[in-house]
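Asker: Structure: upload_34.txt, compact mmCIF, C-alpha atoms and all ligand atoms.
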# COMPACT_ATOMS: atom_id res chain seq x y z
CA MET W 183 136.12 76.09 136.00
CA ASP W 184 133.20 75.35 133.69
CA PHE W 185 130.19 77.29 132.55
CA GLN W 186 126.90 76.81 134.39
CA HIS W 187 124.97 74.35 132.26
CA ASP W 188 121.60 74.98 133.87
CA ASP W 189 121.64 78.77 133.57
CA PHE W 190 124.02 80.18 131.01
CA LEU W 191 122.70 83.70 131.47
CA GLN W 192 123.39 83.70 135.20
CA TRP W 193 126.90 82.35 134.65
CA THR W 194 127.38 85.10 132.05
CA ARG W 195 126.21 87.77 134.49
CA ASP W 196 128.53 86.33 137.13
CA ASN W 197 131.37 86.92 134.65
CA GLU W 198 130.14 90.24 133.37
CA TRP W 199 133.28 91.42 131.62
CA GLY W 200 134.27 88.06 130.22
CA VAL W 201 136.39 85.00 130.90
CA THR W 202 139.64 83.91 129.32
CA ASP W 203 138.82 80.20 129.27
CA SER W 204 136.62 78.59 126.65
CA PHE W 205 134.65 75.42 127.12
CA HIS W 206 133.24 72.65 124.97
CA THR W 207 130.73 69.97 125.71
CA GLN W 208 128.37 67.72 123.82
CA LEU W 209 124.69 67.08 124.32
CA VAL W 210 123.31 63.56 124.32
CA ASP W 211 122.46 63.82 120.60
CA GLY W 212 126.02 64.88 119.80
CA THR W 213 125.24 68.58 119.38
CA GLY W 214 128.36 70.59 120.17
CA ILE W 215 128.17 73.39 122.72
CA SER W 216 131.14 75.75 122.66
CA VAL W 217 131.45 78.67 125.05
CA TRP W 218 134.01 81.16 123.76
CA ASP W 219 133.46 83.75 126.48
CA SER W 220 130.79 84.78 128.95
CA GLY W 221 127.66 85.41 126.92
CA VAL W 222 129.10 83.75 123.82
CA MET W 223 127.78 80.29 122.96
CA VAL W 224 128.06 78.41 119.67
CA VAL W 225 125.66 75.51 119.07
CA THR W 226 126.84 73.10 116.38
CA PRO W 227 124.50 70.28 115.31
CA VAL W 228 126.04 66.98 114.25
CA GLN W 229 124.67 67.32 110.72
CA ALA W 230 124.30 71.08 110.49
CA GLY W 231 122.24 72.69 107.76
CA ASP W 232 123.47 75.53 105.55
CA LYS W 233 122.49 78.42 107.79
CA ASP W 234 124.80 80.32 110.13
CA ILE W 235 122.56 82.16 112.56
CA VAL W 236 123.54 84.86 115.08
CA LEU W 237 120.98 85.72 117.73
CA SER W 238 122.05 88.61 119.95
CA ALA W 239 120.45 90.24 122.95
CA ALA W 240 121.61 92.60 125.71
CA VAL W 241 123.51 94.95 123.50
CA HIS W 242 121.55 97.16 125.87
CA GLY W 243 121.26 95.56 129.27
CA ASN W 244 117.92 97.01 130.29
CA GLU W 245 116.12 95.52 127.29
CA THR W 246 115.13 92.36 129.13
CA ALA W 247 112.50 90.67 126.96
CA PRO W 248 114.97 89.54 124.28
CA ILE W 249 117.37 88.48 127.05
CA GLU W 250 114.66 86.33 128.64
CA ILE W 251 113.80 84.79 125.26
CA CYS W 252 117.42 83.88 124.48
CA ARG W 253 117.94 82.65 128.05
CA ASP W 254 115.01 80.27 127.74
CA VAL W 255 115.97 79.04 124.27
CA ILE W 256 119.56 78.37 125.37
CA ASN W 257 118.49 76.60 128.56
CA ASP W 258 116.07 74.45 126.55
CA ILE W 259 118.88 73.55 124.15
CA LEU W 260 121.18 72.60 127.03
CA ALA W 261 118.37 70.56 128.58
CA GLY W 262 117.73 68.72 125.31
CA LYS W 263 114.30 70.30 124.95
CA GLN W 264 115.05 72.45 121.90
CA ALA W 265 116.35 70.91 118.68
CA VAL W 266 118.94 72.81 116.69
CA LYS W 267 119.45 72.14 112.99
CA HIS W 268 121.77 75.00 112.08
CA ARG W 269 124.97 76.47 113.50
CA THR W 270 123.82 79.16 115.91
CA LEU W 271 125.81 81.79 117.81
CA PHE W 272 124.03 83.20 120.85
CA LEU W 273 125.34 86.45 122.25
CA PHE W 274 124.52 88.26 125.45
CA ALA W 275 126.49 91.25 124.31
CA ASN W 276 126.80 93.47 127.38
CA PRO W 277 126.39 91.44 130.59
CA ALA W 278 127.68 94.26 132.80
CA SER W 279 124.86 96.49 131.58
CA ILE W 280 122.40 93.71 132.43
CA ASN W 281 123.76 93.69 135.97
CA ALA W 282 123.55 97.49 136.09
CA GLY W 283 119.98 97.37 134.76
CA GLN W 284 121.02 100.07 132.35
CA ARG W 285 121.23 100.64 128.60
CA PHE W 286 125.03 100.71 128.99
CA VAL W 287 127.73 101.14 131.63
CA GLU W 288 130.08 103.72 130.08
CA GLU W 289 129.20 103.90 126.40
CA ASN W 290 126.37 102.74 124.13
CA MET W 291 127.73 99.48 122.70
CA ASN W 292 125.45 99.79 119.66
CA ARG W 293 127.48 102.73 118.42
CA LEU W 294 130.79 100.88 118.66
CA PHE W 295 130.70 98.38 115.82
CA SER W 296 132.38 98.42 112.42
CA GLY W 297 135.57 99.41 114.18
CA ALA W 298 134.13 102.42 115.99
CA HIS W 299 135.29 100.75 119.24
CA SER W 300 138.87 101.64 118.30
CA GLU W 301 138.34 105.22 117.13
CA GLY W 302 138.69 108.50 119.01
CA GLY W 303 141.42 107.36 121.37
CA ILE W 304 138.88 106.33 124.00
CA ARG W 305 139.25 103.06 125.87
CA ASN W 306 136.63 101.43 128.07
CA ARG W 307 135.38 97.94 128.72
CA GLU W 308 132.36 98.28 126.45
CA ARG W 309 134.73 99.12 123.61
CA GLU W 310 136.90 96.12 124.47
CA ARG W 311 133.82 93.90 124.58
CA ALA W 312 132.51 95.23 121.26
CA ALA W 313 135.87 94.47 119.64
CA LYS W 314 135.75 90.93 121.06
CA ILE W 315 132.19 90.45 119.82
CA GLU W 316 133.30 91.46 116.34
CA GLN W 317 136.03 88.83 116.58
CA TYR W 318 133.59 86.15 117.78
CA VAL W 319 131.14 86.86 114.97
CA THR W 320 133.96 86.84 112.43
CA ARG W 321 135.21 83.51 113.75
CA PHE W 322 131.68 82.07 113.75
CA TYR W 323 130.95 82.92 110.12
CA GLN W 324 134.47 82.01 108.95
CA GLU W 325 134.49 78.60 110.68
CA ALA W 326 131.35 77.53 108.81
CA PRO W 327 131.65 74.43 106.61
CA GLN W 328 132.68 75.00 103.01
CA GLY W 329 130.04 75.63 100.38
CA GLU W 330 127.16 78.02 99.90
CA ARG W 331 126.09 79.36 103.29
CA ARG W 332 123.12 81.46 104.35
CA ARG W 333 124.02 83.99 107.05
CA TYR W 334 121.52 85.62 109.44
CA HIS W 335 121.73 87.99 112.37
CA TYR W 336 118.79 89.16 114.47
CA ASP W 337 119.91 91.73 117.04
CA LEU W 338 117.03 91.74 119.48
CA HIS W 339 116.10 94.94 121.29
CA THR W 340 113.21 96.70 122.95
CA ALA W 341 112.52 100.40 122.79
CA ILE W 342 112.64 103.00 125.53
CA ARG W 343 109.35 104.61 124.62
CA ASP W 344 105.95 103.37 123.65
CA SER W 345 105.53 102.80 119.96
CA LYS W 346 102.56 103.11 117.65
CA ARG W 347 104.05 100.07 115.95
CA GLU W 348 104.88 97.75 118.84
CA LYS W 349 107.27 95.57 116.87
CA PHE W 350 109.45 96.99 114.14
CA ALA W 351 112.79 96.28 112.57
CA VAL W 352 115.65 98.30 111.16
CA TYR W 353 116.97 97.13 107.79
CA PRO W 354 120.61 98.23 107.72
CA TYR W 355 121.79 100.25 104.74
CA LEU W 356 122.39 97.76 101.92
CA HIS W 357 124.50 99.98 99.61
CA GLY W 358 122.13 99.28 96.74
CA GLY W 359 121.44 95.65 97.62
CA ALA W 360 117.98 94.19 97.24
CA TYR W 361 115.58 93.69 100.09
CA LYS W 362 114.49 90.12 100.70
CA ILE W 363 110.87 89.02 100.72
CA ALA W 364 111.74 86.01 102.86
CA GLN W 365 113.06 88.35 105.54
CA LEU W 366 109.92 90.47 105.43
CA GLN W 367 107.89 87.27 105.78
CA PHE W 368 110.01 86.07 108.72
CA LEU W 369 109.79 89.42 110.48
CA ARG W 370 106.05 89.61 109.79
CA ASP W 371 105.61 86.20 111.38
CA CYS W 372 107.57 87.49 114.38
CA GLY W 373 104.88 90.15 114.74
CA VAL W 374 106.84 92.98 113.12
CA THR W 375 104.52 95.43 111.35
CA ALA W 376 106.97 98.10 110.26
CA ILE W 377 110.40 98.14 108.67
CA LEU W 378 112.74 101.14 108.73
CA LEU W 379 115.13 101.33 105.80
CA ASN W 380 118.38 102.91 106.87
CA GLN W 381 119.85 105.01 104.06
CA ALA W 382 123.38 105.36 105.38
CA PRO W 383 126.06 103.33 107.17
CA THR W 384 125.87 103.21 110.97
CA THR W 385 128.01 101.77 113.76
CA THR W 386 125.30 99.43 114.96
CA PHE W 387 125.75 95.69 115.39
CA SER W 388 123.29 94.75 112.65
CA TYR W 389 124.95 97.05 110.12
CA PHE W 390 128.30 95.41 110.97
CA THR W 391 127.12 91.86 110.25
CA SER W 392 125.16 92.99 107.19
CA ARG W 393 128.02 94.92 105.62
CA GLN W 394 130.97 92.81 106.78
CA PHE W 395 129.50 89.34 106.21
CA GLY W 396 126.54 89.89 103.90
CA ALA W 397 124.25 88.52 106.58
CA ASP W 398 120.54 89.08 106.42
CA ALA W 399 120.79 91.26 109.52
CA PHE W 400 118.30 93.38 111.41
CA THR W 401 117.85 95.30 114.59
CA VAL W 402 114.51 93.96 115.80
CA GLU W 403 112.53 96.05 118.27
CA LEU W 404 110.24 93.55 119.98
CA GLY W 405 108.46 95.83 122.43
CA LYS W 406 109.20 98.15 125.32
CA VAL W 407 112.00 98.26 127.89
CA ARG W 408 110.89 96.57 131.11
CA GLY W 409 112.53 94.93 134.12
CA PHE W 410 113.20 91.22 134.34
CA GLY W 411 110.01 89.35 135.07
CA GLU W 412 107.87 92.30 134.01
CA ASN W 413 107.59 91.31 130.35
CA ASP W 414 104.26 89.88 129.20
CA ARG W 415 105.85 87.00 127.34
CA SER W 416 102.61 86.29 125.47
CA LYS W 417 103.37 89.48 123.53
CA PHE W 418 106.68 87.96 122.42
CA ALA W 419 105.39 84.45 121.75
CA ALA W 420 105.25 84.82 117.96
CA ALA W 421 108.81 86.11 117.82
CA GLU W 422 110.09 83.37 120.13
CA THR W 423 108.31 80.73 118.09
CA GLN W 424 109.86 82.00 114.85
CA LEU W 425 113.34 82.11 116.36
CA ARG W 426 112.94 78.55 117.62
CA ARG W 427 111.70 77.47 114.17
CA LEU W 428 114.60 79.27 112.52
CA ILE W 429 117.26 77.35 114.42
CA SER W 430 115.52 73.99 114.36
CA GLN W 431 114.03 73.59 110.90
CA ASP W 432 115.79 72.97 107.60
CA GLU W 433 113.60 75.48 105.83
CA LEU W 434 110.99 77.91 107.12
CA THR W 435 107.69 78.08 105.30
CA HIS W 436 105.79 81.33 105.39
CA ALA W 437 102.43 82.44 104.08
CA ALA W 438 102.68 84.57 100.95
CA PHE W 439 103.85 88.14 101.54
CA GLU W 440 101.15 90.76 101.14
CA PRO W 441 102.46 94.35 100.95
CA GLU W 442 99.83 95.66 103.33
CA GLN W 443 101.11 93.36 106.08
CA ILE W 444 104.21 95.43 106.74
CA GLU W 445 104.59 99.19 106.54
CA VAL W 446 107.86 100.36 105.06
CA TYR W 447 109.51 103.60 106.09
CA ASP W 448 112.50 105.39 104.70
CA VAL W 449 114.74 106.93 107.34
CA ALA W 450 114.43 110.59 106.35
CA ARG W 451 116.80 112.17 108.84
CA THR W 452 119.17 111.39 111.66
CA ILE W 453 119.35 114.26 114.13
CA ASN W 454 122.46 114.14 116.29
CA ARG W 455 123.04 115.97 119.55
CA THR W 456 126.09 118.18 119.09
CA GLN W 457 125.54 120.62 121.94
CA GLN W 458 125.20 120.29 125.68
CA ASP W 459 122.09 122.43 125.31
CA PHE W 460 119.92 119.95 123.37
CA SER W 461 116.19 119.46 123.78
CA LEU W 462 113.32 117.71 122.05
CA ALA W 463 110.24 119.79 121.35
CA PHE W 464 107.84 117.13 122.51
CA ALA W 465 107.14 115.25 125.71
CA ASP W 466 108.91 112.11 126.85
CA ASP W 467 105.70 110.10 126.49
CA VAL W 468 105.26 110.84 122.79
CA ALA W 469 105.49 107.41 121.16
CA ASN W 470 107.70 106.14 118.39
CA PHE W 471 106.03 106.54 114.98
CA THR W 472 104.05 109.62 116.10
CA PRO W 473 103.51 111.74 112.96
CA PHE W 474 104.31 115.43 112.89
CA ASN W 475 103.21 118.10 110.44
CA LYS W 476 105.54 119.95 108.10
CA GLY W 477 107.05 122.96 109.83
CA GLU W 478 106.59 121.75 113.41
CA LEU W 479 109.62 122.09 115.68
CA LEU W 480 111.27 118.77 116.52
CA ALA W 481 114.41 119.69 118.45
CA MET W 482 116.82 122.41 119.41
CA ASP W 483 120.53 121.65 119.28
CA GLY W 484 122.12 124.74 120.78
CA ASP W 485 120.64 127.49 118.64
CA LYS W 486 120.00 125.18 115.67
CA ALA W 487 116.33 124.38 115.24
CA TYR W 488 115.14 121.23 113.52
CA HIS W 489 111.71 121.43 111.93
CA VAL W 490 109.62 118.78 110.26
CA GLU W 491 110.41 118.85 106.53
CA HIS W 492 107.78 116.42 105.23
CA ASP W 493 104.12 115.83 105.95
CA GLU W 494 103.52 112.77 108.14
CA GLU W 495 107.20 112.70 109.18
CA ARG W 496 107.30 110.30 112.14
CA ILE W 497 109.72 110.22 115.07
CA ILE W 498 111.75 107.16 116.03
CA PHE W 499 114.09 106.61 119.03
CA PRO W 500 113.85 110.14 120.47
CA ASN W 501 116.42 110.47 123.26
CA ALA W 502 117.74 113.89 124.35
CA ASN W 503 120.06 112.24 126.86
CA VAL W 504 122.43 110.67 124.35
CA ALA W 505 126.12 111.53 124.47
CA ILE W 506 127.28 114.54 122.48
CA GLY W 507 127.73 113.47 118.87
CA GLN W 508 125.26 110.61 119.05
CA ARG W 509 121.87 110.14 117.50
CA ALA W 510 119.06 111.85 119.41
CA LEU W 511 116.27 111.24 116.91
CA LEU W 512 115.43 109.49 113.68
CA THR W 513 112.58 110.62 111.49
CA VAL W 514 110.93 108.34 108.96
CA ILE W 515 108.53 108.70 106.05
CA LYS W 516 106.24 105.94 104.92
CA ILE W 517 106.81 104.63 101.41
CA SER W 518 104.94 102.12 99.31
CA THR W 519 106.23 98.58 99.49
CA ASP W 520 105.88 98.60 95.70
CA GLN W 521 108.81 101.03 95.62
CA LEU W 522 111.11 98.35 97.02
CA THR W 523 113.32 96.13 94.91
CA LEU W 524 112.36 92.83 96.47
CA VAL W 525 114.03 89.50 95.72
O1 LIG W 601 114.25 103.22 122.15
C1 LIG W 601 115.32 103.76 121.84
O2 LIG W 601 115.52 104.99 121.89
C2 LIG W 601 116.48 102.92 121.34
C3 LIG W 601 116.13 101.43 121.21
C4 LIG W 601 117.36 100.79 120.64
O3 LIG W 601 118.26 100.43 121.34
N1 LIG W 601 117.40 100.85 119.31
C5 LIG W 601 118.64 100.57 118.62
C6 LIG W 601 118.40 100.77 117.14
C7 LIG W 601 119.64 100.36 116.37
C8 LIG W 601 119.48 100.63 114.88
O4 LIG W 601 119.20 101.79 114.53
O5 LIG W 601 119.66 99.67 114.10
C9 LIG W 601 119.73 101.55 119.10
O6 LIG W 601 119.37 102.72 119.32
O7 LIG W 601 120.88 101.12 119.22
ZN ZN W 602 118.55 98.55 122.29
Once more with this new file: its structure as C-alpha cells, please.
Ligand SMILES: O=C(O)CCC(=O)N[C@@H](CCC(=O)O)C(=O)O
Ligand SMILES: [Zn+2]

Answerer:
Amino acid sequence: MDFQHDDFLQWTRDNEWGVTDSFHTQLVDGTGISVWDSGVMVVTPVQAGDKDIVLSAAVHGNETAPIEICRDVINDILAGKQAVKHRTLFLFANPASINAGQRFVEENMNRLFSGAHSEGGIRNRERERAAKIEQYVTRFYQEAPQGERRRYHYDLHTAIRDSKREKFAVYPYLHGGAYKIAQLQFLRDCGVTAILLNQAPTTTFSYFTSRQFGADAFTVELGKVRGFGENDRSKFAAAETQLRRLISQDELTHAAFEPEQIEVYDVARTINRTQQDFSLAFADDVANFTPFNKGELLAMDGDKAYHVEHDEERIIFPNANVAIGQRALLTVIKISTDQLTLV
C-alpha cells in the first residue's frame, strides 16, 4: 500500500478514519514527504529554515475552500511545482466529515482539543482522531531541529453565515502574552480585515497549538461554507498566495502595519446552549459582525434571556443547533488597535 501521490486529498478521503501504515518518499530535489496517517503529511526540505508550520483544513468537513487550497498546494508540492523552504505539516483533520459533506459526523472536532477528546466518558471516532492529531502536532514540533524555532499554525475555516467582514481571524487567548504585529501583517495580506481576541481558554485546535507549543496560531475564517467546486477561488487568492509564500520563503516581507487596516474586537461574551429549548432572537440570515443595540434580546436559553449589554455589540458564529453545552453565539466589541500590546 502507498499513498496516492497525485491526489493526496482523495487518498485521504478514501481512508477517512485513518491508516495504520506510514509512508516516506523523496521528491527529485530531495525534499522529504512523510505521510503519518490519512490527511497527515509532513514536508521536510533538505536544508529547512527555522520555521515549523502547521496548515490545517477540514476540521469541519463542509468548509471546502480551505480544503481546496491545501489540496492544490500539496499536489503542487508533490508535482515539484511548489517550493518548500520550511518544515510544514499539512492536516486534513476530519476526512469523514468531508465525505459526509457536514461540519462533523458525531461531534464538533473543534471542541475536542486540549484533551477535551478524553473527557466526559464519551468515545467516538472524532474524539479518537482529535487525540491522534494532537499527537501528530506534538511529534511535528518536537522533531524539529535543535535551536531557536519559530512555530506557526493556521487553522483554516469558512463560516456558516454571511459576514460583514468576509475574512477574519480568531487570536486564541494568550494568557497575557503580547500580540504580534508580524501576524497582523500576514493576516492582513491574506485579506483578513478583523481579528477577534479570545479572552479565555477554549478547546479549539488553534488554542491547543498556541497554548501547548507557543505557536503563533489562529483560526482563520476565509469566507463562507460552500460545496466543492462552488468556491470563487479568486476570493481566496490572496490567502493562498500568502500561504505559499510562507512555506517557500526564508522570510516574508510585509508592508508596514497601519492600525486602520485591521479592526480588532474583544470577545465580550460566549453564550452557550444549556437547554433543549434554545433559540436566537434573530433570523438565520443575519450576518456575522451585525451590530445590536444595548438591551436588545439576543437569545433565549430555556427561560434565561440574553440581552445586548454594550452598544455596538456584534454577533459572531450564531448557531442555535449546537449540542447542549456548546457555544451558540459569541459577541464582540470593537476596540482600538492602540489598546493592544503589540510586539
Ligand atoms: O460559522 C460558524 O458558526 C462557525 C465557523 C467555525 O467553524 N468557526 C470556528 C471558530 C473557532 C474559534 O473560535 O477559534 C469554530 O466554531 O470551531
Ligand atoms: Zn469551521

Asker: Rounded to one decimal, what separation in Å do you get between atom CA of Met223 of chain W and atom CA of Phe272 of chain W?

Answerer: 5.2 Å

Asker: So which residues are near ligand ZN 602 (chain W), meaning at most 9 Å away with only C-alpha atoms and all ligand atoms counted, given back as a list in words?

Answerer: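 The residues near ligand ZN 602 (chain W) are Ala239, Ala240, Val241, His242, Gly243, Asn244, Glu245, Arg285, Asn292, Asp337, Leu338, His339, Thr340, Ala341, Ile342, Thr401, Val402, Glu403 and Val407 of chain W.
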
Asker: How many Å separate atom CA of Asn380 of chain W from atom CA of Asp448 of chain W?

Answerer: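 So the answer is 6.7 Å.
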
Asker: So how many Å separate atom CA of Ser216 of chain W and atom CA of Gln394 of chain W, to one decimal?

Answerer: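 That distance, rounded to one decimal, is 23.3 Å.
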
Asker: Between W:Asp211, W:Glu330, W:Glu445, W:Glu478, which one has atoms that come closest to Val514 of chain W, using only C-alpha atoms?

Answerer: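 Smallest distance to Val514 of chain W is found for W:Glu445.
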
Asker: Measuring between all atoms listed in the file, which one of W:Lys346, W:Arg293, W:Arg427, W:Arg332 shows the shortest distance to ligand LIG 601 (chain W)?

Answerer: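 Closest residue, counting all atoms listed in the file: W:Arg293.
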
Asker: Using all atoms listed in the file, which of W:Glu308, W:Glu198, W:Glu422, W:Glu288 sits nearest Pro248 of chain W?

Answerer: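 The shortest atom-to-atom distance to Pro248 of chain W comes from W:Glu422.
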
Asker: With all atoms listed in the file counted, which protein, DNA or RNA residues have an atom no more than 12 Å from (103.4, 114.9, 111.7) in the file frame? Please answer as a PDB file with C-alpha atoms, keeping the file's coordinate frame.

Answerer:
ATOM      1  CA  PHE W 464     107.840 117.130 122.510  1.00  0.00           C
ATOM      2  CA  VAL W 468     105.260 110.840 122.790  1.00  0.00           C
ATOM      3  CA  ASN W 470     107.700 106.140 118.390  1.00  0.00           C
ATOM      4  CA  PHE W 471     106.030 106.540 114.980  1.00  0.00           C
ATOM      5  CA  THR W 472     104.050 109.620 116.100  1.00  0.00           C
ATOM      6  CA  PRO W 473     103.510 111.740 112.960  1.00  0.00           C
ATOM      7  CA  PHE W 474     104.310 115.430 112.890  1.00  0.00           C
ATOM      8  CA  ASN W 475     103.210 118.100 110.440  1.00  0.00           C
ATOM      9  CA  LYS W 476     105.540 119.950 108.100  1.00  0.00           C
ATOM     10  CA  GLY W 477     107.050 122.960 109.830  1.00  0.00           C
ATOM     11  CA  GLU W 478     106.590 121.750 113.410  1.00  0.00           C
ATOM     12  CA  LEU W 479     109.620 122.090 115.680  1.00  0.00           C
ATOM     13  CA  LEU W 480     111.270 118.770 116.520  1.00  0.00           C
ATOM     14  CA  HIS W 489     111.710 121.430 111.930  1.00  0.00           C
ATOM     15  CA  VAL W 490     109.620 118.780 110.260  1.00  0.00           C
ATOM     16  CA  GLU W 491     110.410 118.850 106.530  1.00  0.00           C
ATOM     17  CA  HIS W 492     107.780 116.420 105.230  1.00  0.00           C
ATOM     18  CA  ASP W 493     104.120 115.830 105.950  1.00  0.00           C
ATOM     19  CA  GLU W 494     103.520 112.770 108.140  1.00  0.00           C
ATOM     20  CA  GLU W 495     107.200 112.700 109.180  1.00  0.00           C
ATOM     21  CA  ARG W 496     107.300 110.300 112.140  1.00  0.00           C
ATOM     22  CA  ILE W 497     109.720 110.220 115.070  1.00  0.00           C
ATOM     23  CA  THR W 513     112.580 110.620 111.490  1.00  0.00           C
ATOM     24  CA  VAL W 514     110.930 108.340 108.960  1.00  0.00           C
ATOM     25  CA  ILE W 515     108.530 108.700 106.050  1.00  0.00           C
ATOM     26  CA  LYS W 516     106.240 105.940 104.920  1.00  0.00           C
TER      27      LYS W 516
END

Asker: Got a minute to add all heavy atoms to segment 240-248 of chain W and dump it as an mmCIF file, in the frame of the given file?

Answerer:
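Now in part_18.cif:
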data_model
loop_
_atom_site.group_PDB
_atom_site.id
_atom_site.type_symbol
_atom_site.label_atom_id
_atom_site.label_comp_id
_atom_site.auth_asym_id
_atom_site.auth_seq_id
_atom_site.Cartn_x
_atom_site.Cartn_y
_atom_site.Cartn_z
ATOM 1 N N ALA W 240 120.847 91.888 124.685
ATOM 2 C CA ALA W 240 121.610 92.600 125.710
ATOM 3 C C ALA W 240 122.750 93.424 125.139
ATOM 4 O O ALA W 240 123.736 93.683 125.847
ATOM 5 C CB ALA W 240 122.148 91.625 126.761
ATOM 6 N N VAL W 241 122.617 93.857 123.920
ATOM 7 C CA VAL W 241 123.510 94.950 123.500
ATOM 8 C C VAL W 241 123.233 96.130 124.416
ATOM 9 O O VAL W 241 124.125 96.885 124.789
ATOM 10 C CB VAL W 241 123.273 95.321 122.019
ATOM 11 C CG1 VAL W 241 123.980 96.619 121.649
ATOM 12 C CG2 VAL W 241 123.716 94.182 121.108
ATOM 13 N N HIS W 242 121.981 96.218 124.823
ATOM 14 C CA HIS W 242 121.550 97.160 125.870
ATOM 15 C C HIS W 242 120.964 96.347 127.017
ATOM 16 O O HIS W 242 119.988 95.617 126.827
ATOM 17 C CB HIS W 242 120.523 98.157 125.327
ATOM 18 C CG HIS W 242 121.055 98.998 124.212
ATOM 19 N ND1 HIS W 242 120.451 99.091 122.984
ATOM 20 C CD2 HIS W 242 122.182 99.751 124.142
ATOM 21 C CE1 HIS W 242 121.162 99.896 122.204
ATOM 22 N NE2 HIS W 242 122.214 100.324 122.879
ATOM 23 N N GLY W 243 121.545 96.494 128.184
ATOM 24 C CA GLY W 243 121.260 95.560 129.270
ATOM 25 C C GLY W 243 119.913 95.707 129.939
ATOM 26 O O GLY W 243 119.484 94.825 130.674
ATOM 27 N N ASN W 244 119.232 96.814 129.659
ATOM 28 C CA ASN W 244 117.920 97.010 130.290
ATOM 29 C C ASN W 244 116.786 96.516 129.393
ATOM 30 O O ASN W 244 115.616 96.629 129.747
ATOM 31 C CB ASN W 244 117.717 98.489 130.647
ATOM 32 C CG ASN W 244 117.794 99.407 129.437
ATOM 33 O OD1 ASN W 244 118.338 99.031 128.394
ATOM 34 N ND2 ASN W 244 117.242 100.593 129.554
ATOM 35 N N GLU W 245 117.131 96.002 128.235
ATOM 36 C CA GLU W 245 116.120 95.520 127.290
ATOM 37 C C GLU W 245 115.930 94.020 127.535
ATOM 38 O O GLU W 245 116.498 93.164 126.842
ATOM 39 C CB GLU W 245 116.552 95.858 125.866
ATOM 40 C CG GLU W 245 116.694 97.362 125.674
ATOM 41 C CD GLU W 245 117.293 97.769 124.341
ATOM 42 O OE1 GLU W 245 117.503 96.887 123.464
ATOM 43 O OE2 GLU W 245 117.571 98.963 124.157
ATOM 44 N N THR W 246 115.099 93.719 128.553
ATOM 45 C CA THR W 246 115.130 92.360 129.130
ATOM 46 C C THR W 246 114.328 91.318 128.377
ATOM 47 O O THR W 246 114.632 90.128 128.476
ATOM 48 C CB THR W 246 114.604 92.415 130.577
ATOM 49 O OG1 THR W 246 113.234 92.872 130.545
ATOM 50 C CG2 THR W 246 115.468 93.313 131.447
ATOM 51 N N ALA W 247 113.313 91.704 127.612
ATOM 52 C CA ALA W 247 112.500 90.670 126.960
ATOM 53 C C ALA W 247 113.330 89.796 126.012
ATOM 54 O O ALA W 247 113.287 88.560 126.103
ATOM 55 C CB ALA W 247 111.323 91.301 126.208
ATOM 56 N N PRO W 248 114.141 90.385 125.138
ATOM 57 C CA PRO W 248 114.970 89.540 124.280
ATOM 58 C C PRO W 248 115.979 88.693 125.070
ATOM 59 O O PRO W 248 116.307 87.571 124.689
ATOM 60 C CB PRO W 248 115.708 90.545 123.381
ATOM 61 C CG PRO W 248 114.895 91.789 123.429
ATOM 62 C CD PRO W 248 114.260 91.806 124.782
#
